[in-house]
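Pasted below: final11.csv, CSV, N, CA and C atoms.
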```csv
chain,number,residue,atom,x,y,z
Y,3,MET,N,-22.4,10.6,15.3
Y,3,MET,CA,-21.4,10.5,14.3
Y,3,MET,C,-20.4,9.3,14.6
Y,4,ARG,N,-20.2,8.6,13.5
Y,4,ARG,CA,-19.3,7.4,13.7
Y,4,ARG,C,-17.9,7.6,13.1
Y,5,PHE,N,-16.9,7.3,13.9
Y,5,PHE,CA,-15.5,7.4,13.5
Y,5,PHE,C,-14.9,6.1,13.2
Y,6,ALA,N,-14.1,6.0,12.2
Y,6,ALA,CA,-13.4,4.7,12.0
Y,6,ALA,C,-12.3,4.6,13.0
Y,7,PRO,N,-12.0,3.4,13.5
Y,7,PRO,CA,-11.0,3.2,14.5
Y,7,PRO,C,-9.6,3.6,13.8
Y,8,ASN,N,-8.8,4.2,14.7
Y,8,ASN,CA,-7.4,4.6,14.2
Y,8,ASN,C,-6.6,3.4,14.0
Y,9,LEU,N,-5.7,3.4,13.0
Y,9,LEU,CA,-4.7,2.4,12.8
Y,9,LEU,C,-3.6,2.5,13.8
Y,10,THR,N,-3.1,1.4,14.2
Y,10,THR,CA,-2.0,1.4,15.2
Y,10,THR,C,-0.7,1.0,14.5
Y,11,ASP,N,0.4,1.1,15.2
Y,11,ASP,CA,1.7,0.7,14.7
Y,11,ASP,C,1.7,-0.7,14.2
Y,12,PRO,N,1.3,-1.7,15.0
Y,12,PRO,CA,1.3,-3.1,14.5
Y,12,PRO,C,0.4,-3.3,13.2
Y,13,GLN,N,-0.7,-2.6,13.2
Y,13,GLN,CA,-1.6,-2.7,12.0
Y,13,GLN,C,-0.9,-2.1,10.8
Y,14,VAL,N,-0.3,-1.0,10.9
Y,14,VAL,CA,0.4,-0.4,9.7
Y,14,VAL,C,1.5,-1.3,9.3
Y,15,ALA,N,2.2,-1.9,10.2
Y,15,ALA,CA,3.3,-2.9,9.9
Y,15,ALA,C,2.7,-4.1,9.1
Y,16,ALA,N,1.6,-4.6,9.6
Y,16,ALA,CA,1.0,-5.7,8.9
Y,16,ALA,C,0.5,-5.4,7.5
Y,17,LEU,N,-0.1,-4.2,7.3
Y,17,LEU,CA,-0.6,-3.8,6.0
Y,17,LEU,C,0.6,-3.5,5.1
Y,18,ALA,N,1.7,-2.9,5.6
Y,18,ALA,CA,2.9,-2.6,4.8
Y,18,ALA,C,3.5,-4.0,4.3
Y,19,ARG,N,3.6,-4.9,5.2
Y,19,ARG,CA,4.1,-6.2,4.8
Y,19,ARG,C,3.2,-6.9,3.8
Y,20,GLN,N,1.9,-6.8,3.9
Y,20,GLN,CA,1.0,-7.4,3.0
Y,20,GLN,C,1.1,-6.8,1.6
Y,21,ALA,N,1.3,-5.4,1.6
Y,21,ALA,CA,1.4,-4.7,0.3
Y,21,ALA,C,2.7,-5.1,-0.4
Y,22,VAL,N,3.8,-5.1,0.4
Y,22,VAL,CA,5.1,-5.3,-0.2
Y,22,VAL,C,5.2,-6.8,-0.6
Y,23,ASP,N,4.6,-7.7,0.1
Y,23,ASP,CA,4.6,-9.1,-0.3
Y,23,ASP,C,4.0,-9.4,-1.6
Y,24,LEU,N,3.0,-8.5,-2.0
Y,24,LEU,CA,2.4,-8.6,-3.4
Y,24,LEU,C,3.4,-8.3,-4.4
Y,25,LEU,N,4.3,-7.4,-4.1
Y,25,LEU,CA,5.4,-7.0,-5.1
Y,25,LEU,C,6.5,-8.1,-5.1
Y,26,ASP,N,7.1,-8.3,-3.9
Y,26,ASP,CA,8.1,-9.3,-3.8
Y,26,ASP,C,8.3,-9.6,-2.3
Y,27,PRO,N,8.1,-10.8,-1.8
Y,27,PRO,CA,8.2,-11.1,-0.4
Y,27,PRO,C,9.7,-11.0,0.1
Y,28,ASP,N,10.7,-10.9,-0.7
Y,28,ASP,CA,12.0,-10.7,-0.3
Y,28,ASP,C,12.4,-9.3,0.0
Y,29,VAL,N,11.5,-8.3,-0.4
Y,29,VAL,CA,11.8,-6.9,-0.1
Y,29,VAL,C,11.5,-6.6,1.3
Y,30,GLY,N,12.5,-6.0,2.0
Y,30,GLY,CA,12.3,-5.6,3.4
Y,30,GLY,C,11.5,-4.3,3.5
Y,31,ILE,N,11.1,-3.9,4.7
Y,31,ILE,CA,10.4,-2.7,4.9
Y,31,ILE,C,11.0,-2.0,6.1
Y,32,ASP,N,10.9,-0.7,6.1
Y,32,ASP,CA,11.3,0.1,7.3
Y,32,ASP,C,10.1,1.1,7.5
Y,33,ILE,N,9.7,1.2,8.8
Y,33,ILE,CA,8.5,2.0,9.1
Y,33,ILE,C,8.9,2.9,10.2
Y,34,ALA,N,8.5,4.2,10.1
Y,34,ALA,CA,8.8,5.1,11.2
Y,34,ALA,C,7.7,6.1,11.3
Y,35,PRO,N,7.4,6.7,12.5
Y,35,PRO,CA,6.5,7.7,12.6
Y,35,PRO,C,6.9,8.9,11.7
Y,36,GLU,N,6.0,9.5,11.1
Y,36,GLU,CA,6.3,10.7,10.3
Y,36,GLU,C,6.9,11.8,11.2
Y,37,PRO,N,8.0,12.5,10.8
Y,37,PRO,CA,8.5,13.5,11.6
Y,37,PRO,C,7.4,14.6,12.0
Y,38,GLY,N,7.3,14.9,13.2
Y,38,GLY,CA,6.3,15.9,13.7
Y,38,GLY,C,4.9,15.2,13.9
Y,39,SER,N,4.8,13.9,13.7
Y,39,SER,CA,3.5,13.3,14.0
Y,39,SER,C,3.3,13.1,15.4
Y,40,ASP,N,2.1,13.4,15.9
Y,40,ASP,CA,1.8,13.2,17.3
Y,40,ASP,C,0.7,12.2,17.4
Y,41,PRO,N,1.0,11.0,17.9
Y,41,PRO,CA,0.0,9.9,17.9
Y,41,PRO,C,-1.1,10.2,18.9
Y,42,TYR,N,-0.9,11.2,19.8
Y,42,TYR,CA,-1.9,11.5,20.8
Y,42,TYR,C,-2.8,12.7,20.4
Y,43,ALA,N,-2.5,13.3,19.3
Y,43,ALA,CA,-3.3,14.4,18.8
Y,43,ALA,C,-4.6,13.9,18.2
Y,44,ARG,N,-5.5,14.8,18.1
Y,44,ARG,CA,-6.8,14.4,17.5
Y,44,ARG,C,-6.5,13.9,16.1
Y,45,GLY,N,-7.1,12.7,15.8
Y,45,GLY,CA,-6.8,12.1,14.5
Y,45,GLY,C,-5.7,11.2,14.4
Y,46,GLY,N,-4.9,11.1,15.5
Y,46,GLY,CA,-3.8,10.1,15.6
Y,46,GLY,C,-2.6,10.5,14.8
Y,47,GLY,N,-1.8,9.6,14.6
Y,47,GLY,CA,-0.5,9.8,14.0
Y,47,GLY,C,-0.4,9.4,12.5
Y,48,SER,N,0.8,9.4,12.0
Y,48,SER,CA,1.1,9.0,10.7
Y,48,SER,C,2.5,8.4,10.6
Y,49,TRP,N,2.7,7.6,9.5
Y,49,TRP,CA,3.9,6.9,9.4
Y,49,TRP,C,4.4,7.1,7.9
Y,50,LEU,N,5.7,6.8,7.8
Y,50,LEU,CA,6.3,6.7,6.5
Y,50,LEU,C,6.8,5.3,6.4
Y,51,VAL,N,6.4,4.6,5.3
Y,51,VAL,CA,6.8,3.2,5.0
Y,51,VAL,C,7.8,3.2,3.9
Y,52,TRP,N,8.9,2.7,4.1
Y,52,TRP,CA,9.9,2.6,3.0
Y,52,TRP,C,10.2,1.1,2.6
Y,53,PRO,N,9.9,0.8,1.4
Y,53,PRO,CA,10.4,-0.5,0.9
Y,53,PRO,C,11.9,-0.5,0.8
Y,54,LEU,N,12.6,-1.6,1.2
Y,54,LEU,CA,14.0,-1.6,1.1
Y,54,LEU,C,14.5,-2.4,-0.1
Y,55,ILE,N,14.6,-1.7,-1.2
Y,55,ILE,CA,14.9,-2.3,-2.5
Y,55,ILE,C,16.4,-2.3,-2.6
Y,56,ASP,N,17.0,-3.5,-2.8
Y,56,ASP,CA,18.5,-3.7,-2.8
Y,56,ASP,C,19.1,-3.2,-1.5
Y,57,GLY,N,18.3,-3.4,-0.4
Y,57,GLY,CA,18.8,-3.0,1.0
Y,57,GLY,C,18.7,-1.6,1.3
Y,58,HIS,N,18.2,-0.7,0.4
Y,58,HIS,CA,18.1,0.7,0.7
Y,58,HIS,C,16.7,1.2,0.6
Y,59,ARG,N,16.4,2.3,1.4
Y,59,ARG,CA,15.1,2.9,1.3
Y,59,ARG,C,14.9,3.5,-0.1
Y,60,ALA,N,14.0,3.0,-0.8
Y,60,ALA,CA,13.8,3.4,-2.2
Y,60,ALA,C,12.9,4.6,-2.3
Y,61,PHE,N,11.8,4.7,-1.6
Y,61,PHE,CA,10.9,5.8,-1.6
Y,61,PHE,C,10.0,5.6,-0.4
Y,62,GLY,N,9.4,6.7,0.1
Y,62,GLY,CA,8.6,6.6,1.3
Y,62,GLY,C,7.1,6.7,0.8
Y,63,ILE,N,6.3,6.0,1.6
Y,63,ILE,CA,4.8,6.1,1.3
Y,63,ILE,C,4.2,6.5,2.7
Y,64,TYR,N,3.4,7.5,2.6
Y,64,TYR,CA,2.7,8.1,3.8
Y,64,TYR,C,1.5,7.3,4.1
Y,65,VAL,N,1.2,7.0,5.4
Y,65,VAL,CA,0.0,6.3,5.9
Y,65,VAL,C,-0.5,7.1,7.1
Y,66,SER,N,-1.8,7.4,7.1
Y,66,SER,CA,-2.4,8.1,8.3
Y,66,SER,C,-3.2,7.1,9.1
Y,67,SER,N,-3.1,7.3,10.4
Y,67,SER,CA,-3.9,6.5,11.4
Y,67,SER,C,-5.4,6.7,11.2
Y,68,ALA,N,-5.8,7.8,10.6
Y,68,ALA,CA,-7.2,8.1,10.5
Y,68,ALA,C,-7.8,7.3,9.4
Y,69,TRP,N,-7.1,6.6,8.5
Y,69,TRP,CA,-7.6,5.9,7.4
Y,69,TRP,C,-8.1,4.5,7.8
Y,70,THR,N,-9.0,4.0,7.0
Y,70,THR,CA,-9.4,2.6,7.3
Y,70,THR,C,-8.3,1.7,6.8
Y,71,ALA,N,-8.4,0.4,7.2
Y,71,ALA,CA,-7.3,-0.5,6.8
Y,71,ALA,C,-7.3,-0.7,5.3
Y,72,ALA,N,-8.5,-0.7,4.7
Y,72,ALA,CA,-8.6,-0.9,3.2
Y,72,ALA,C,-8.0,0.3,2.5
Y,73,ARG,N,-8.3,1.5,3.0
Y,73,ARG,CA,-7.7,2.7,2.3
Y,73,ARG,C,-6.2,2.7,2.5
Y,74,ALA,N,-5.7,2.4,3.7
Y,74,ALA,CA,-4.2,2.3,3.9
Y,74,ALA,C,-3.6,1.3,3.0
Y,75,LEU,N,-4.2,0.1,2.9
Y,75,LEU,CA,-3.6,-0.9,2.0
Y,75,LEU,C,-3.6,-0.5,0.6
Y,76,ALA,N,-4.7,0.1,0.1
Y,76,ALA,CA,-4.8,0.5,-1.3
Y,76,ALA,C,-3.8,1.6,-1.6
Y,77,HIS,N,-3.6,2.5,-0.6
Y,77,HIS,CA,-2.6,3.6,-0.8
Y,77,HIS,C,-1.2,3.0,-0.8
Y,78,LEU,N,-0.9,2.0,0.0
Y,78,LEU,CA,0.4,1.4,0.0
Y,78,LEU,C,0.7,0.6,-1.3
Y,79,ILE,N,-0.3,-0.1,-1.8
Y,79,ILE,CA,-0.2,-0.8,-3.1
Y,79,ILE,C,0.0,0.2,-4.2
Y,80,ASP,N,-0.8,1.3,-4.2
Y,80,ASP,CA,-0.7,2.3,-5.2
Y,80,ASP,C,0.7,3.0,-5.2
Y,81,GLY,N,1.2,3.3,-4.0
Y,81,GLY,CA,2.5,3.9,-3.9
Y,81,GLY,C,3.6,3.0,-4.4
Y,82,LEU,N,3.5,1.7,-4.1
Y,82,LEU,CA,4.4,0.7,-4.7
Y,82,LEU,C,4.3,0.7,-6.2
Y,83,ALA,N,3.1,0.7,-6.7
Y,83,ALA,CA,2.9,0.7,-8.2
Y,83,ALA,C,3.5,1.9,-8.8
Y,84,GLU,N,3.3,3.0,-8.2
Y,84,GLU,CA,3.8,4.3,-8.8
Y,84,GLU,C,5.4,4.4,-8.8
Y,85,ASN,N,6.0,3.8,-7.8
Y,85,ASN,CA,7.4,4.0,-7.6
Y,85,ASN,C,8.3,2.8,-7.9
Y,86,SER,N,7.8,1.5,-7.8
Y,86,SER,CA,8.7,0.4,-7.9
Y,86,SER,C,9.1,0.1,-9.3
Y,87,SER,N,8.3,0.5,-10.3
Y,87,SER,CA,8.6,0.2,-11.7
Y,87,SER,C,9.9,1.0,-12.1
Y,88,GLU,N,10.3,1.9,-11.3
Y,88,GLU,CA,11.5,2.7,-11.7
Y,88,GLU,C,12.7,2.2,-10.8
Y,89,SER,N,12.6,1.1,-10.1
Y,89,SER,CA,13.6,0.6,-9.2
Y,89,SER,C,14.1,-0.7,-9.5
Y,90,GLY,N,15.4,-0.8,-9.7
Y,90,GLY,CA,16.1,-2.1,-9.8
Y,90,GLY,C,15.4,-3.2,-10.7
Y,91,GLY,N,15.2,-4.3,-10.1
Y,91,GLY,CA,14.6,-5.5,-10.8
Y,91,GLY,C,13.2,-5.3,-11.1
Y,92,PHE,N,12.5,-4.3,-10.7
Y,92,PHE,CA,11.1,-4.1,-11.0
Y,92,PHE,C,10.9,-3.2,-12.2
Y,93,TRP,N,11.9,-2.8,-12.9
Y,93,TRP,CA,11.8,-1.9,-14.0
Y,93,TRP,C,10.8,-2.3,-15.0
Y,94,ALA,N,9.8,-1.5,-15.3
Y,94,ALA,CA,8.8,-1.7,-16.3
Y,94,ALA,C,7.9,-2.9,-16.0
Y,95,ARG,N,7.9,-3.4,-14.8
Y,95,ARG,CA,7.1,-4.6,-14.4
Y,95,ARG,C,5.7,-4.0,-14.0
Y,96,PRO,N,4.6,-4.5,-14.7
Y,96,PRO,CA,3.3,-4.0,-14.3
Y,96,PRO,C,2.9,-4.5,-12.9
Y,97,PHE,N,2.7,-3.6,-12.0
Y,97,PHE,CA,2.2,-3.9,-10.6
Y,97,PHE,C,1.2,-2.9,-10.2
Y,98,PRO,N,0.1,-3.4,-9.6
Y,98,PRO,CA,-0.3,-4.8,-9.5
Y,98,PRO,C,-0.7,-5.4,-10.8
Y,99,ALA,N,-0.6,-6.7,-10.9
Y,99,ALA,CA,-0.9,-7.4,-12.2
Y,99,ALA,C,-2.3,-7.2,-12.6
Y,100,CYS,N,-2.6,-7.0,-13.8
Y,100,CYS,CA,-3.9,-6.9,-14.4
Y,100,CYS,C,-4.4,-8.3,-14.9
Y,101,ALA,N,-5.3,-8.3,-15.7
Y,101,ALA,CA,-5.8,-9.6,-16.3
Y,101,ALA,C,-4.7,-10.3,-17.1
Y,102,THR,N,-4.8,-11.6,-17.2
Y,102,THR,CA,-3.9,-12.4,-17.9
Y,102,THR,C,-3.7,-11.8,-19.4
Y,103,GLY,N,-2.5,-11.6,-19.8
Y,103,GLY,CA,-2.2,-11.1,-21.1
Y,103,GLY,C,-2.1,-9.6,-21.2
Y,104,HIS,N,-2.6,-8.9,-20.2
Y,104,HIS,CA,-2.5,-7.4,-20.2
Y,104,HIS,C,-1.1,-7.0,-19.7
Y,105,ARG,N,-0.5,-6.0,-20.4
Y,105,ARG,CA,0.8,-5.5,-20.1
Y,105,ARG,C,0.8,-4.3,-19.2
Y,106,HIS,N,-0.3,-3.9,-18.7
Y,106,HIS,CA,-0.4,-2.7,-17.9
Y,106,HIS,C,-0.8,-3.1,-16.5
Y,107,PRO,N,-0.6,-2.2,-15.5
Y,107,PRO,CA,-1.0,-2.5,-14.1
Y,107,PRO,C,-2.5,-2.3,-14.0
Y,108,ALA,N,-3.0,-3.0,-13.0
Y,108,ALA,CA,-4.4,-2.8,-12.6
Y,108,ALA,C,-4.6,-1.4,-11.8
Y,109,ASP,N,-5.7,-0.8,-11.9
Y,109,ASP,CA,-6.0,0.3,-11.0
Y,109,ASP,C,-6.4,-0.2,-9.6
Y,110,VAL,N,-6.0,0.6,-8.6
Y,110,VAL,CA,-6.2,0.2,-7.2
Y,110,VAL,C,-7.3,1.1,-6.6
Y,111,GLU,N,-8.3,0.5,-6.0
Y,111,GLU,CA,-9.4,1.2,-5.4
Y,111,GLU,C,-9.7,0.6,-4.0
Y,112,ALA,N,-10.0,1.5,-3.1
Y,112,ALA,CA,-10.4,1.0,-1.7
Y,112,ALA,C,-12.0,1.1,-1.8
Y,113,GLU,N,-12.6,-0.1,-1.4
Y,113,GLU,CA,-14.0,-0.2,-1.3
Y,113,GLU,C,-14.4,-0.8,0.0
Y,114,ALA,N,-15.1,-0.1,0.8
Y,114,ALA,CA,-15.5,-0.6,2.1
Y,114,ALA,C,-14.4,-1.2,2.9
Y,115,ASP,N,-14.4,-2.6,2.9
Y,115,ASP,CA,-13.4,-3.3,3.7
Y,115,ASP,C,-12.4,-4.1,2.9
Y,116,GLU,N,-12.3,-3.7,1.6
Y,116,GLU,CA,-11.3,-4.5,0.8
Y,116,GLU,C,-10.7,-3.6,-0.3
Y,117,VAL,N,-9.7,-4.0,-0.9
Y,117,VAL,CA,-9.0,-3.3,-2.0
Y,117,VAL,C,-9.5,-4.1,-3.3
Y,118,VAL,N,-9.9,-3.3,-4.3
Y,118,VAL,CA,-10.4,-3.8,-5.5
Y,118,VAL,C,-9.4,-3.4,-6.6
Y,119,LEU,N,-8.9,-4.4,-7.4
Y,119,LEU,CA,-8.1,-4.2,-8.5
Y,119,LEU,C,-8.9,-4.3,-9.8
Y,120,ARG,N,-8.8,-3.2,-10.7
Y,120,ARG,CA,-9.6,-3.2,-11.9
Y,120,ARG,C,-8.7,-2.9,-13.1
Y,121,CYS,N,-9.1,-3.5,-14.2
Y,121,CYS,CA,-8.4,-3.3,-15.4
Y,121,CYS,C,-8.8,-1.8,-15.9
Y,122,PRO,N,-7.8,-1.0,-16.1
Y,122,PRO,CA,-8.1,0.4,-16.5
Y,122,PRO,C,-8.7,0.5,-17.9
Y,123,GLN,N,-8.7,-0.6,-18.7
Y,123,GLN,CA,-9.3,-0.5,-20.0
Y,123,GLN,C,-10.7,-1.0,-20.0
Y,124,THR,N,-11.0,-2.2,-19.4
Y,124,THR,CA,-12.3,-2.8,-19.4
Y,124,THR,C,-13.1,-2.5,-18.2
Y,125,ARG,N,-12.5,-2.0,-17.1
Y,125,ARG,CA,-13.1,-1.7,-15.8
Y,125,ARG,C,-13.5,-3.0,-15.1
Y,126,GLU,N,-13.1,-4.2,-15.6
Y,126,GLU,CA,-13.4,-5.5,-15.0
Y,126,GLU,C,-12.6,-5.6,-13.7
Y,127,VAL,N,-13.2,-6.2,-12.7
Y,127,VAL,CA,-12.5,-6.5,-11.5
Y,127,VAL,C,-11.6,-7.7,-11.7
Y,128,VAL,N,-10.3,-7.5,-11.5
Y,128,VAL,CA,-9.3,-8.6,-11.7
Y,128,VAL,C,-8.8,-9.1,-10.4
Y,129,GLY,N,-9.2,-8.5,-9.3
Y,129,GLY,CA,-8.7,-9.0,-8.0
Y,129,GLY,C,-9.3,-8.3,-6.8
Y,130,ARG,N,-9.4,-8.9,-5.7
Y,130,ARG,CA,-9.9,-8.3,-4.5
Y,130,ARG,C,-9.0,-8.8,-3.3
Y,131,ILE,N,-8.6,-7.8,-2.5
Y,131,ILE,CA,-7.7,-8.1,-1.4
Y,131,ILE,C,-8.3,-7.6,-0.1
Y,132,ARG,N,-8.4,-8.4,0.9
Y,132,ARG,CA,-8.8,-8.0,2.2
Y,132,ARG,C,-7.6,-7.7,3.1
Y,133,PRO,N,-7.6,-6.6,3.8
Y,133,PRO,CA,-6.5,-6.3,4.7
Y,133,PRO,C,-6.4,-7.4,5.7
Y,134,ALA,N,-5.1,-7.9,5.9
Y,134,ALA,CA,-4.8,-9.0,6.8
Y,134,ALA,C,-4.4,-8.4,8.2
Y,135,LEU,N,-5.4,-8.1,9.0
Y,135,LEU,CA,-5.2,-7.6,10.3
Y,135,LEU,C,-5.6,-8.6,11.4
```
Render the structure in this file as structure tokens.
Amino acid sequence: MRFAPNLTDPQVAALARQAVDLLDPDVGIDIAPEPGSDPYARGGGSWLVWPLIDGHRAFGIYVSSAWTAARALAHLIDGLAENSSESGGFWARPFPACATGHRHPADVEAEADEVVLRCPQTREVVGRIRPAL
């Protein structure tokens, strides 16, 4: 049986920065182990990632060490997409961007070792993102 390697603190930080940079490189992040998370338990630990919008924790996004880097990055991007459009300067901004001229966000999918962005209308691939680890 093959197990995916567990994500580590520095890897989660790198993936969080990569996801938030897609939204806005000026947005800070705060990362902490999820309360009650035991990094030594079977399956590893988990974290909460908070984008700091206007200098404040806007919403938390859960990340598990048991996930692949692509799944974690896709989950972070999806969490940003779900929550950032209701925050400050990101109000009604489609994120992640879809095809040119589309006013809706792209769908986010994890495939093997990359994140795939697809138009929800045409199912066309509009972007691919490899985790920067």
Among the residues Y:Pro96, Y:Gly81, Y:Gly57, Y:Pro107, the one that comes closest to Val29 (chain Y) [using only N, CA and C atoms]: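 Under the stated criterion, the closest residue is Y:Gly57.
Residue nearest Ala60 (chain Y) within the list Y:Ser89, Y:Glu111, Y:Arg73, Y:Thr124: Y:Ser89 [criterion: smallest interatomic distance, all atoms listed in the file].
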Minimum-distance residue to Asp109 (chain Y), chosen among Y:Ala15, Y:Cys121, Y:Val51, Y:Val128 (using all atoms listed in the file): Y:Cys121
Exercise: Ala114 (chain Y) partners within 9 Å, only C-alpha atoms, chain neighbours under 3 positions left out, as a ChimeraX atom specification: /Y:70,72-73,117
Contacts of Trp49 (chain Y) at 8 Å (all atoms listed in the file; same-chain gap of 2+ positions) as an NGL selection string: :Y and (33-37 or 39 or 47 or 51-52 or 62-67)
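Take the candidates Y:Ala101, Y:Val118, Y:Leu82, Y:Val110 and check each one against Val22 (chain Y) using all atoms listed in the file; the shortest distance goes to Y:Leu82.
Across the structure, CA of Arg130 (chain Y) and CA of Asp115 (chain Y) are spaced 10.2 Å apart.
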Point-to-point distance from CA of Ala68 (chain Y) to CA of Glu116 (chain Y), Å rounded to tenths: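 Distance reported for this atom pair: 16.4 Å.
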Expected answer as number ranges by chain: alpha helix (DSSP H) residues in chain Y: Y: 11-25, 71-86
Interatomic distance (Å, one decimal) between atom C of Leu50 (chain Y) and atom N of Phe97 (chain Y):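 Value for the atom C of Leu50 (chain Y)-atom N of Phe97 (chain Y) distance: 20.8 Å.
Candidate residues Y:Ala71, Y:Cys100, Y:Asp32, Y:His106 were compared for distance to Val127 (chain Y), and the nearest is Y:Cys100, using all atoms listed in the file.
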DSSP strand (DSSP E or B) residues within chain Y, listed as an NGL selection string: :Y and (30-35 or 48-55 or 58-59 or 63-66 or 109-113 or 116-120 or 127-131)
Given only C-alpha atoms as the counted atoms, nearest of Y:Trp93, Y:Trp69, Y:His104, Y:Phe61 to Pro122 (chain Y): Y:His104
Can you spit out region 95-117 of chain Y with N, CA and C atoms, as a tab-separated table (two decimals), in the first residue's frame, from the structure just given?
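File written: out_7.tsv
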```
chain	number	residue	atom	x	y	z
Y	95	ARG	N	-15.53	40.10	-7.03
Y	95	ARG	CA	-14.43	39.86	-7.98
Y	95	ARG	C	-14.36	38.36	-8.25
Y	96	PRO	N	-14.47	37.93	-9.52
Y	96	PRO	CA	-14.40	36.50	-9.80
Y	96	PRO	C	-12.98	35.96	-9.58
Y	97	PHE	N	-12.87	35.03	-8.67
Y	97	PHE	CA	-11.58	34.41	-8.35
Y	97	PHE	C	-11.79	32.92	-8.15
Y	98	PRO	N	-10.92	32.10	-8.76
Y	98	PRO	CA	-9.87	32.45	-9.71
Y	98	PRO	C	-10.47	32.85	-11.05
Y	99	ALA	N	-9.72	33.66	-11.76
Y	99	ALA	CA	-10.21	34.17	-13.04
Y	99	ALA	C	-10.49	33.03	-14.01
Y	100	CYS	N	-11.54	33.21	-14.78
Y	100	CYS	CA	-11.91	32.23	-15.81
Y	100	CYS	C	-11.34	32.72	-17.15
Y	101	ALA	N	-11.90	32.26	-18.23
Y	101	ALA	CA	-11.44	32.67	-19.57
Y	101	ALA	C	-11.69	34.17	-19.76
Y	102	THR	N	-10.91	34.77	-20.62
Y	102	THR	CA	-11.05	36.20	-20.92
Y	102	THR	C	-12.49	36.50	-21.32
Y	103	GLY	N	-13.05	37.53	-20.69
Y	103	GLY	CA	-14.42	37.95	-20.99
Y	103	GLY	C	-15.47	37.27	-20.14
Y	104	HIS	N	-15.11	36.23	-19.40
Y	104	HIS	CA	-16.08	35.56	-18.53
Y	104	HIS	C	-16.15	36.30	-17.20
Y	105	ARG	N	-17.34	36.47	-16.68
Y	105	ARG	CA	-17.52	37.22	-15.44
Y	105	ARG	C	-17.73	36.32	-14.23
Y	106	HIS	N	-17.48	35.04	-14.39
Y	106	HIS	CA	-17.62	34.09	-13.30
Y	106	HIS	C	-16.25	33.49	-12.97
Y	107	PRO	N	-16.09	32.94	-11.77
Y	107	PRO	CA	-14.82	32.30	-11.44
Y	107	PRO	C	-14.70	30.94	-12.12
Y	108	ALA	N	-13.48	30.49	-12.24
Y	108	ALA	CA	-13.21	29.15	-12.75
Y	108	ALA	C	-13.46	28.13	-11.63
Y	109	ASP	N	-13.81	26.91	-12.02
Y	109	ASP	CA	-13.88	25.80	-11.07
Y	109	ASP	C	-12.46	25.35	-10.76
Y	110	VAL	N	-12.24	24.89	-9.52
Y	110	VAL	CA	-10.92	24.46	-9.07
Y	110	VAL	C	-10.94	22.96	-8.84
Y	111	GLU	N	-9.99	22.25	-9.46
Y	111	GLU	CA	-9.90	20.80	-9.32
Y	111	GLU	C	-8.46	20.38	-9.09
Y	112	ALA	N	-8.25	19.40	-8.22
Y	112	ALA	CA	-6.91	18.83	-8.03
Y	112	ALA	C	-6.81	17.60	-8.92
Y	113	GLU	N	-5.79	17.56	-9.74
Y	113	GLU	CA	-5.52	16.41	-10.61
Y	113	GLU	C	-4.07	16.01	-10.44
Y	114	ALA	N	-3.86	14.80	-9.97
Y	114	ALA	CA	-2.51	14.26	-9.78
Y	114	ALA	C	-1.61	15.25	-9.06
Y	115	ASP	N	-0.72	15.92	-9.79
Y	115	ASP	CA	0.26	16.80	-9.14
Y	115	ASP	C	0.09	18.26	-9.53
Y	116	GLU	N	-1.13	18.64	-9.95
Y	116	GLU	CA	-1.38	20.04	-10.28
Y	116	GLU	C	-2.84	20.40	-10.01
Y	117	VAL	N	-3.08	21.70	-10.00
Y	117	VAL	CA	-4.43	22.24	-9.85
Y	117	VAL	C	-4.89	22.66	-11.24
```
